[in-house]
Amino acid sequence: MLRFMPVGDSQTIGSAGEHTWRYRLWRHLCAEYGGPFTFVGPRETLYDKAADAPVSLAYADPDPGFPRAHLAGWGEGWLHMAPLIGETVREHDADVLLVALGLIDLGFYTNAEQTAENVHRFVAGARAARPRVRMVLLPVIPNIRAHQDPAFAAQVALFNDLLAKAVADLAEPRSPLLLASAPPTYDLRADTYDGTHPGALGEHKIAAAFADAMHQGWGLGGPYGGH
């Protein structure tokens with residue numbers, strides 16, 4: 001049984017009434033991955049905007065087969081996940097981490113260089129818990145703040161460069177890292193509902209980024225087909 005753990009911020013946890021990219025990727029892997037797999041993690045909920053808390057289970061598709069487990073939080077970034085990842089990986093025996101973090105860090109907590117340092121801490125923590133853990137890291141994808149704020153856009157670009165460097169520097173055969181490609185056609189008007197959070201099309205494109213990285217890098221599954 002291959003155990004995937006989605007790790008992320010508001011784009012990954014999703015909010016009440018959404019499918020989430022996690023669901024889209026699960027559907028894809030059901031169709032394209034030949035072996036048994038599941039998603040693992042300590043959390044299952046969506047964010048409830050009315051309650052201002054992650055207390056909803058109102059997924060758009062209530063398919064009981066969908067493993068809702070994850071390690072994602074509204075407003076959480078590398079800064080928050082780095083201290084948690086070791087214990088969480090150990091507890092849930094995660095084999096593959098699917099990580100989409102960075103926007104919150106750069107927006108509220110740390111600059112590009114400091115955020116990259118937390119990437120290193122995260123990777124070290126995960127490997128200390130499970131030396132053969134694999135990871136797919138997604139760069140910060142297009143967002144409305146970067147579109148409107150050139151200084152912030154420069155920080156995003158710098159962090160994405162530092163993330164790519166970290167993936168190269170931390171490469172280790174027994175614990176491989178993949179850098180996913182930011183969706184090349186991501187459009188803030190068509191793919192998000194507010195310039196930051198993905199709508200249905202955006203969910204598919206984020207899922208595709210992870211699926212295609214694993215297919216191209218590890219031969220896992222197949223190219224994303226929009227399931």
# chains A, B, ... in the order shown; residues from 1 in each chain; ligands from 1
>>> residues_around(residues="segment 19-36 of chain A", least_positions_apart="2", cutoff="8 Å", atoms="only C-alpha atoms", output="ChimeraX atom specification")
/A:1-2,6,11-14,17,38,59-61,66,68,200,202-204,206-208,210-211,220-222,224-227
>>> write_last_selection(atoms="C-alpha atoms", output="compact mmCIF listing (two decimals), in the first residue's frame")
# COMPACT_ATOMS: atom_id res chain seq x y z
CA MET A 1 0.00 0.00 0.00
CA LEU A 2 1.55 3.27 -1.15
CA PRO A 6 -0.82 15.96 0.84
CA GLN A 11 -5.05 25.80 -1.64
CA THR A 12 -4.67 22.22 -0.39
CA ILE A 13 -7.11 21.97 2.50
CA GLY A 14 -9.81 23.63 0.42
CA GLY A 17 -18.31 22.78 -0.96
CA THR A 38 -4.26 5.74 -0.04
CA TYR A 59 -16.79 17.91 0.14
CA ALA A 60 -18.44 18.51 -3.23
CA ASP A 61 -18.27 14.79 -3.95
CA PHE A 66 -12.10 9.15 -1.17
CA ARG A 68 -9.72 12.67 2.90
CA ALA A 200 -12.53 23.39 -10.46
CA GLY A 202 -7.39 25.14 -10.99
CA GLU A 203 -7.85 21.99 -8.93
CA HIS A 204 -7.32 19.89 -12.04
CA ILE A 206 -2.62 21.47 -9.53
CA ALA A 207 -3.44 17.76 -9.49
CA ALA A 208 -1.90 17.49 -12.94
CA PHE A 210 1.77 16.44 -9.10
CA ALA A 211 0.61 13.58 -11.31
CA LEU A 220 4.34 6.30 -11.31
CA GLY A 221 0.86 6.34 -12.78
CA GLY A 222 0.24 7.99 -16.12
CA TYR A 224 -2.93 13.43 -16.03
CA GLY A 225 -6.15 12.94 -17.91
CA GLY A 226 -8.54 15.18 -16.00
CA HIS A 227 -10.45 12.41 -14.23
>>> select_by_dssp(residues="segment 165-214 of chain A", states="alpha helix (DSSP H)", output="PyMOL selection string")
chain A and resi 165-169+188-191+200-214
>>> write_last_selection(atoms="C-alpha atoms", output="mmCIF file, in the first residue's frame")
data_model
loop_
_atom_site.group_PDB
_atom_site.id
_atom_site.type_symbol
_atom_site.label_atom_id
_atom_site.label_comp_id
_atom_site.auth_asym_id
_atom_site.auth_seq_id
_atom_site.Cartn_x
_atom_site.Cartn_y
_atom_site.Cartn_z
ATOM 1 C CA LYS A 165 18.146 24.732 -5.862
ATOM 2 C CA ALA A 166 17.094 22.977 -2.656
ATOM 3 C CA VAL A 167 15.679 20.061 -4.625
ATOM 4 C CA ALA A 168 18.986 19.757 -6.478
ATOM 5 C CA ASP A 169 21.171 20.214 -3.388
ATOM 6 C CA LEU A 188 -6.237 33.682 -12.299
ATOM 7 C CA ARG A 189 -9.608 34.480 -13.850
ATOM 8 C CA ALA A 190 -10.432 30.984 -15.120
ATOM 9 C CA ASP A 191 -8.633 28.806 -12.594
ATOM 10 C CA ALA A 200 -12.527 23.388 -10.464
ATOM 11 C CA LEU A 201 -10.151 24.087 -13.359
ATOM 12 C CA GLY A 202 -7.395 25.140 -10.991
ATOM 13 C CA GLU A 203 -7.854 21.987 -8.926
ATOM 14 C CA HIS A 204 -7.324 19.893 -12.035
ATOM 15 C CA LYS A 205 -4.196 21.838 -12.977
ATOM 16 C CA ILE A 206 -2.618 21.469 -9.533
ATOM 17 C CA ALA A 207 -3.445 17.764 -9.494
ATOM 18 C CA ALA A 208 -1.895 17.487 -12.943
ATOM 19 C CA ALA A 209 1.300 19.141 -11.729
ATOM 20 C CA PHE A 210 1.773 16.437 -9.102
ATOM 21 C CA ALA A 211 0.607 13.578 -11.313
ATOM 22 C CA ASP A 212 2.802 14.528 -14.245
ATOM 23 C CA ALA A 213 5.855 15.040 -12.032
ATOM 24 C CA MET A 214 5.481 11.549 -10.564
#
>>> residues_around(residues="Ile85 of chain A", least_positions_apart="2", cutoff="10 Å", atoms="only C-alpha atoms", output="ChimeraX atom specification")
/A:7,71,78,80-83,87-91,97,121-129
>>> select_by_dssp(residues="segment 21-204 of chain A", states="strand (DSSP E or B)", output="PyMOL selection string")
chain A and resi 37-39+43+46-48+53-56+70-72+96-100+134-138+177-179+192+198
>>> closest_residue(among="A:Pro67, A:Gly86, A:Pro139, A:Gly77", to="Glu44 of chain A", atoms="only C-alpha atoms")
A:Pro67
>>> decode(residues="segment 169-181 of chain A", atoms="all heavy atoms", output="mmCIF file, in the first residue's frame")
data_model
loop_
_atom_site.group_PDB
_atom_site.id
_atom_site.type_symbol
_atom_site.label_atom_id
_atom_site.label_comp_id
_atom_site.auth_asym_id
_atom_site.auth_seq_id
_atom_site.Cartn_x
_atom_site.Cartn_y
_atom_site.Cartn_z
ATOM 1 N N ASP A 169 20.154 20.369 -4.437
ATOM 2 C CA ASP A 169 21.171 20.214 -3.388
ATOM 3 C C ASP A 169 20.855 19.064 -2.434
ATOM 4 O O ASP A 169 21.778 18.430 -1.900
ATOM 5 C CB ASP A 169 21.303 21.504 -2.578
ATOM 6 C CG ASP A 169 21.932 22.639 -3.364
ATOM 7 O OD1 ASP A 169 22.487 22.373 -4.438
ATOM 8 O OD2 ASP A 169 21.858 23.790 -2.883
ATOM 9 N N LEU A 170 19.585 18.817 -2.202
ATOM 10 C CA LEU A 170 19.184 17.805 -1.229
ATOM 11 C C LEU A 170 18.906 16.451 -1.867
ATOM 12 O O LEU A 170 18.428 15.531 -1.198
ATOM 13 C CB LEU A 170 17.939 18.275 -0.468
ATOM 14 C CG LEU A 170 18.114 19.549 0.363
ATOM 15 C CD1 LEU A 170 16.776 20.013 0.929
ATOM 16 C CD2 LEU A 170 19.114 19.320 1.493
ATOM 17 N N ALA A 171 19.211 16.326 -3.146
ATOM 18 C CA ALA A 171 18.967 15.067 -3.860
ATOM 19 C C ALA A 171 19.678 13.917 -3.158
ATOM 20 O O ALA A 171 20.838 14.031 -2.764
ATOM 21 C CB ALA A 171 19.451 15.181 -5.297
ATOM 22 N N GLU A 172 18.958 12.832 -2.988
ATOM 23 C CA GLU A 172 19.492 11.666 -2.301
ATOM 24 C C GLU A 172 18.800 10.430 -2.880
ATOM 25 O O GLU A 172 17.571 10.341 -2.841
ATOM 26 C CB GLU A 172 19.222 11.796 -0.800
ATOM 27 C CG GLU A 172 19.856 10.726 0.054
ATOM 28 C CD GLU A 172 19.611 10.978 1.530
ATOM 29 O OE1 GLU A 172 19.961 12.079 2.008
ATOM 30 O OE2 GLU A 172 19.071 10.080 2.190
ATOM 31 N N PRO A 173 19.542 9.464 -3.408
ATOM 32 C CA PRO A 173 18.918 8.337 -4.100
ATOM 33 C C PRO A 173 17.883 7.584 -3.278
ATOM 34 O O PRO A 173 16.850 7.163 -3.806
ATOM 35 C CB PRO A 173 20.108 7.437 -4.455
ATOM 36 C CG PRO A 173 21.271 8.365 -4.538
ATOM 37 C CD PRO A 173 21.012 9.416 -3.500
ATOM 38 N N ARG A 174 18.130 7.419 -1.998
ATOM 39 C CA ARG A 174 17.187 6.621 -1.209
ATOM 40 C C ARG A 174 15.948 7.419 -0.818
ATOM 41 O O ARG A 174 14.946 6.841 -0.395
ATOM 42 C CB ARG A 174 17.870 6.073 0.049
ATOM 43 C CG ARG A 174 18.234 7.127 1.084
ATOM 44 C CD ARG A 174 18.753 6.485 2.356
ATOM 45 N NE ARG A 174 19.044 7.505 3.371
ATOM 46 C CZ ARG A 174 19.302 7.218 4.644
ATOM 47 N NH1 ARG A 174 19.310 5.963 5.052
ATOM 48 N NH2 ARG A 174 19.562 8.190 5.501
ATOM 49 N N SER A 175 16.009 8.743 -0.927
ATOM 50 C CA SER A 175 14.878 9.602 -0.584
ATOM 51 C C SER A 175 14.741 10.681 -1.659
ATOM 52 O O SER A 175 15.085 11.841 -1.451
ATOM 53 C CB SER A 175 15.095 10.242 0.796
ATOM 54 O OG SER A 175 14.090 11.193 1.088
ATOM 55 N N PRO A 176 14.242 10.305 -2.845
ATOM 56 C CA PRO A 176 14.245 11.231 -3.978
ATOM 57 C C PRO A 176 13.275 12.395 -3.810
ATOM 58 O O PRO A 176 12.213 12.265 -3.207
ATOM 59 C CB PRO A 176 13.857 10.356 -5.160
ATOM 60 C CG PRO A 176 13.140 9.199 -4.567
ATOM 61 C CD PRO A 176 13.729 8.979 -3.207
ATOM 62 N N LEU A 177 13.678 13.524 -4.371
ATOM 63 C CA LEU A 177 12.848 14.727 -4.410
ATOM 64 C C LEU A 177 12.529 15.051 -5.863
ATOM 65 O O LEU A 177 13.376 14.933 -6.736
ATOM 66 C CB LEU A 177 13.587 15.912 -3.796
ATOM 67 C CG LEU A 177 14.100 15.797 -2.361
ATOM 68 C CD1 LEU A 177 14.807 17.085 -1.969
ATOM 69 C CD2 LEU A 177 12.970 15.490 -1.403
ATOM 70 N N LEU A 178 11.315 15.477 -6.096
ATOM 71 C CA LEU A 178 10.919 15.963 -7.411
ATOM 72 C C LEU A 178 10.426 17.399 -7.279
ATOM 73 O O LEU A 178 9.689 17.721 -6.346
ATOM 74 C CB LEU A 178 9.790 15.119 -8.000
ATOM 75 C CG LEU A 178 10.090 13.722 -8.499
ATOM 76 C CD1 LEU A 178 8.801 13.067 -9.002
ATOM 77 C CD2 LEU A 178 11.132 13.757 -9.615
ATOM 78 N N LEU A 179 10.823 18.235 -8.222
ATOM 79 C CA LEU A 179 10.260 19.577 -8.329
ATOM 80 C C LEU A 179 9.168 19.540 -9.391
ATOM 81 O O LEU A 179 9.449 19.333 -10.573
ATOM 82 C CB LEU A 179 11.341 20.585 -8.716
ATOM 83 C CG LEU A 179 10.878 22.040 -8.817
ATOM 84 C CD1 LEU A 179 10.483 22.594 -7.456
ATOM 85 C CD2 LEU A 179 11.980 22.907 -9.443
ATOM 86 N N ALA A 180 7.924 19.691 -8.960
ATOM 87 C CA ALA A 180 6.827 19.763 -9.922
ATOM 88 C C ALA A 180 6.911 21.084 -10.684
ATOM 89 O O ALA A 180 7.500 22.056 -10.208
ATOM 90 C CB ALA A 180 5.488 19.643 -9.207
ATOM 91 N N SER A 181 6.320 21.115 -11.839
ATOM 92 C CA SER A 181 6.267 22.346 -12.630
ATOM 93 C C SER A 181 4.983 23.106 -12.305
ATOM 94 O O SER A 181 3.902 22.510 -12.253
ATOM 95 C CB SER A 181 6.292 22.025 -14.126
ATOM 96 O OG SER A 181 7.499 21.387 -14.480
#
